[in-house]
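Step one of this worksheet: look at the structure below.
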Amino acid sequence: RRLDLNQCWNGSAWAACPLTRSVASSSPTWSYPAGTSDLLPNWNLVNNTTFTLTETGYNRENTQESPNTAVQFYIDKTAPVTSIGFPADASFVNAPPPMSGSVHDNQASYGSAASLIKDPNGVWVRLKRNDTAAYWNQASGAWGGLIDSTAAYAAGAWSFTANNPGTAWVPNVSYTLQVYSQDKAYNQIGPNPNTETVAGGVTFIYDVTPSTVGITNPTEGTRERLLLPLTGRAGDT
């Protein structure tokens, strides 16, 4: 039974339920559609859909199995989608940032299936230090070649905190953060199936240096006859 259409397979097409098909059996196994003229559905035309497969066995005396067996399975060929909530793009942070965002493997409508996020190791972050083009390695707690690190995931949200902040965060340096995810159908056929494409991400600057401000006019203790422009200096290095 295909739940989005509420239809059953008749051997060549989806049609009104209920429908049953005979299968080839050889104790202790059975298979379908082997030994019949039936075809399987074209799974390439199906995505994000829930199916129920029910089997009923009979012995030579035509006694029906009771209870019969049913399994539910899903066809899911769509990668999940992540977003970055913090830090914001083109922002400045003044403390080691707890990076975070959302991740969804959406179920569009009744009868549509989402495999949900692979857990653990279903969300990955790629943190780049732009001045040296090095990438953060969470396992070693150091900068190096291109590598991704696992983020924590729970209830539609991901989070990541560099485990060696004294090495990870350098004042006045620009960083780029990217994130991507996999769902539970990631291990099926094809190259990187149901793995989100790594997109542009966000760029931010780690800035913990206070700005400096001074007054140049008027000077301390002076007496002025006229109202002069008030001036000063300001800097942020």
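Here's how to read the names in the structure tokens: chain A, B, ... by the order shown, residue numbers from 1 in each chain, ligand numbers from 1 in the order shown.
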List every residue of region 144-186 of chain A that DSSP, applied to the backbone of this structure, places in strand (DSSP E or B), and write the result as a PyMOL selection string. chain A and resi 144+149-150+152-154+157-160+173-183
Output of the above residues as a PDB file, in the first residue's frame, restricted to N, CA and C atoms:
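Done, and the output landed in out_39.pdb:
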```pdb
ATOM      1  N   GLY A 144      44.426  22.713  10.390  1.00  0.00           N
ATOM      2  CA  GLY A 144      45.141  21.898   9.421  1.00  0.00           C
ATOM      3  C   GLY A 144      44.452  21.917   8.075  1.00  0.00           C
ATOM      4  N   SER A 149      34.009  18.481  11.015  1.00  0.00           N
ATOM      5  CA  SER A 149      33.868  18.008  12.390  1.00  0.00           C
ATOM      6  C   SER A 149      32.397  17.769  12.697  1.00  0.00           C
ATOM      7  N   THR A 150      32.134  16.790  13.555  1.00  0.00           N
ATOM      8  CA  THR A 150      30.755  16.437  13.897  1.00  0.00           C
ATOM      9  C   THR A 150      30.154  17.441  14.862  1.00  0.00           C
ATOM     10  N   ALA A 152      26.831  18.433  17.457  1.00  0.00           N
ATOM     11  CA  ALA A 152      25.789  17.798  18.257  1.00  0.00           C
ATOM     12  C   ALA A 152      24.433  18.070  17.613  1.00  0.00           C
ATOM     13  N   TYR A 153      23.517  17.107  17.727  1.00  0.00           N
ATOM     14  CA  TYR A 153      22.187  17.246  17.130  1.00  0.00           C
ATOM     15  C   TYR A 153      21.128  16.790  18.116  1.00  0.00           C
ATOM     16  N   ALA A 154      20.041  17.549  18.206  1.00  0.00           N
ATOM     17  CA  ALA A 154      18.895  17.144  19.021  1.00  0.00           C
ATOM     18  C   ALA A 154      17.683  17.957  18.610  1.00  0.00           C
ATOM     19  N   ALA A 157      17.766  20.773  15.979  1.00  0.00           N
ATOM     20  CA  ALA A 157      18.775  21.809  16.160  1.00  0.00           C
ATOM     21  C   ALA A 157      20.161  21.183  16.246  1.00  0.00           C
ATOM     22  N   TRP A 158      21.163  21.911  15.768  1.00  0.00           N
ATOM     23  CA  TRP A 158      22.542  21.460  15.885  1.00  0.00           C
ATOM     24  C   TRP A 158      23.340  22.515  16.649  1.00  0.00           C
ATOM     25  N   SER A 159      24.460  22.085  17.226  1.00  0.00           N
ATOM     26  CA  SER A 159      25.336  23.018  17.940  1.00  0.00           C
ATOM     27  C   SER A 159      26.769  22.503  17.871  1.00  0.00           C
ATOM     28  N   PHE A 160      27.696  23.446  17.954  1.00  0.00           N
ATOM     29  CA  PHE A 160      29.116  23.082  17.876  1.00  0.00           C
ATOM     30  C   PHE A 160      29.938  24.114  18.627  1.00  0.00           C
ATOM     31  N   VAL A 173      40.673  38.012  13.520  1.00  0.00           N
ATOM     32  CA  VAL A 173      40.757  37.087  12.385  1.00  0.00           C
ATOM     33  C   VAL A 173      39.356  36.787  11.869  1.00  0.00           C
ATOM     34  N   SER A 174      39.228  36.662  10.559  1.00  0.00           N
ATOM     35  CA  SER A 174      37.971  36.331   9.906  1.00  0.00           C
ATOM     36  C   SER A 174      37.834  34.814   9.766  1.00  0.00           C
ATOM     37  N   TYR A 175      36.630  34.320  10.007  1.00  0.00           N
ATOM     38  CA  TYR A 175      36.333  32.893   9.914  1.00  0.00           C
ATOM     39  C   TYR A 175      35.128  32.672   8.999  1.00  0.00           C
ATOM     40  N   THR A 176      35.108  31.502   8.361  1.00  0.00           N
ATOM     41  CA  THR A 176      33.935  31.087   7.583  1.00  0.00           C
ATOM     42  C   THR A 176      33.429  29.766   8.135  1.00  0.00           C
ATOM     43  N   LEU A 177      32.126  29.709   8.403  1.00  0.00           N
ATOM     44  CA  LEU A 177      31.481  28.513   8.932  1.00  0.00           C
ATOM     45  C   LEU A 177      30.493  27.971   7.913  1.00  0.00           C
ATOM     46  N   GLN A 178      30.624  26.680   7.591  1.00  0.00           N
ATOM     47  CA  GLN A 178      29.671  25.982   6.733  1.00  0.00           C
ATOM     48  C   GLN A 178      29.137  24.773   7.491  1.00  0.00           C
ATOM     49  N   VAL A 179      27.937  24.334   7.119  1.00  0.00           N
ATOM     50  CA  VAL A 179      27.333  23.187   7.790  1.00  0.00           C
ATOM     51  C   VAL A 179      26.542  22.377   6.773  1.00  0.00           C
ATOM     52  N   TYR A 180      26.520  21.068   6.952  1.00  0.00           N
ATOM     53  CA  TYR A 180      25.705  20.205   6.096  1.00  0.00           C
ATOM     54  C   TYR A 180      25.279  18.980   6.904  1.00  0.00           C
ATOM     55  N   SER A 181      24.317  18.228   6.372  1.00  0.00           N
ATOM     56  CA  SER A 181      23.760  17.112   7.140  1.00  0.00           C
ATOM     57  C   SER A 181      23.440  15.921   6.243  1.00  0.00           C
ATOM     58  N   GLN A 182      23.196  14.782   6.907  1.00  0.00           N
ATOM     59  CA  GLN A 182      22.779  13.548   6.249  1.00  0.00           C
ATOM     60  C   GLN A 182      21.532  13.040   6.968  1.00  0.00           C
ATOM     61  N   ASP A 183      20.658  12.327   6.228  1.00  0.00           N
ATOM     62  CA  ASP A 183      19.560  11.675   6.925  1.00  0.00           C
ATOM     63  C   ASP A 183      19.822  10.176   7.012  1.00  0.00           C
TER      64      ASP A 183
END
```
Considering only C-alpha atoms, give me a table of residues in region 56-118 of chain A that are at most 12 Å from region 19-40 of chain A, with the closest atom pair and distance in Å for each, as a Markdown table.
```
| residue | atom | partner | partner_atom | distance |
| --- | --- | --- | --- | --- |
| A:Thr56 | CA | A:Thr20 | CA | 9.4 |
| A:Gly57 | CA | A:Ser25 | CA | 9.8 |
| A:Tyr58 | CA | A:Ser25 | CA | 10.8 |
| A:Asn59 | CA | A:Ser27 | CA | 11.0 |
```
Please, could you write that set of residues out with all heavy atoms as a short mmCIF file (atom, residue, chain, number, x, y, z; two decimals), in the first residue's frame?
```
data_model
loop_
_atom_site.label_atom_id
_atom_site.label_comp_id
_atom_site.auth_asym_id
_atom_site.auth_seq_id
_atom_site.Cartn_x
_atom_site.Cartn_y
_atom_site.Cartn_z
N THR A 56 0.57 -12.65 3.82
CA THR A 56 -0.27 -13.66 4.44
C THR A 56 0.07 -15.01 3.82
O THR A 56 0.05 -15.15 2.59
CB THR A 56 -1.76 -13.36 4.22
OG1 THR A 56 -2.07 -12.06 4.73
CG2 THR A 56 -2.63 -14.40 4.92
N GLY A 57 0.41 -15.98 4.64
CA GLY A 57 0.78 -17.31 4.14
C GLY A 57 -0.36 -18.31 4.30
O GLY A 57 -1.23 -18.17 5.16
N TYR A 58 -0.34 -19.31 3.41
CA TYR A 58 -1.33 -20.38 3.45
C TYR A 58 -0.59 -21.71 3.37
O TYR A 58 0.40 -21.84 2.65
CB TYR A 58 -2.31 -20.28 2.27
CG TYR A 58 -3.14 -19.02 2.27
CD1 TYR A 58 -2.64 -17.83 1.76
CD2 TYR A 58 -4.44 -19.04 2.79
CE1 TYR A 58 -3.42 -16.67 1.76
CE2 TYR A 58 -5.22 -17.88 2.79
CZ TYR A 58 -4.70 -16.71 2.27
OH TYR A 58 -5.46 -15.57 2.28
N ASN A 59 -1.11 -22.71 4.08
CA ASN A 59 -0.52 -24.05 3.93
C ASN A 59 -1.25 -24.81 2.84
O ASN A 59 -2.13 -24.29 2.17
CB ASN A 59 -0.53 -24.79 5.27
CG ASN A 59 -1.94 -25.08 5.77
OD1 ASN A 59 -2.91 -24.96 5.02
ND2 ASN A 59 -2.06 -25.46 7.03
#
```
As a check of understanding: the span from CA of Pro165 (chain A) to CA of Gly141 (chain A) is 8.7 Å
Write out as a VMD selection string all residues of region 80-230 of chain A that backbone DSSP assigns to helix (DSSP H, G or I). chain A and resid 165 to 168
Any idea what the distance is between CA of Glu196 (chain A) and CA of Val71 (chain A)?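 Those two atoms sit 28.3 Å apart.
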Nearest residue to Ala142 (chain A) from the set A:Thr197, A:Asn6, A:Asn164, A:Asn121 (distances using only C-alpha atoms):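 Checking each of A:Thr197, A:Asn6, A:Asn164, A:Asn121 against Ala142 (chain A), counting only C-alpha atoms, the winner is A:Asn164.
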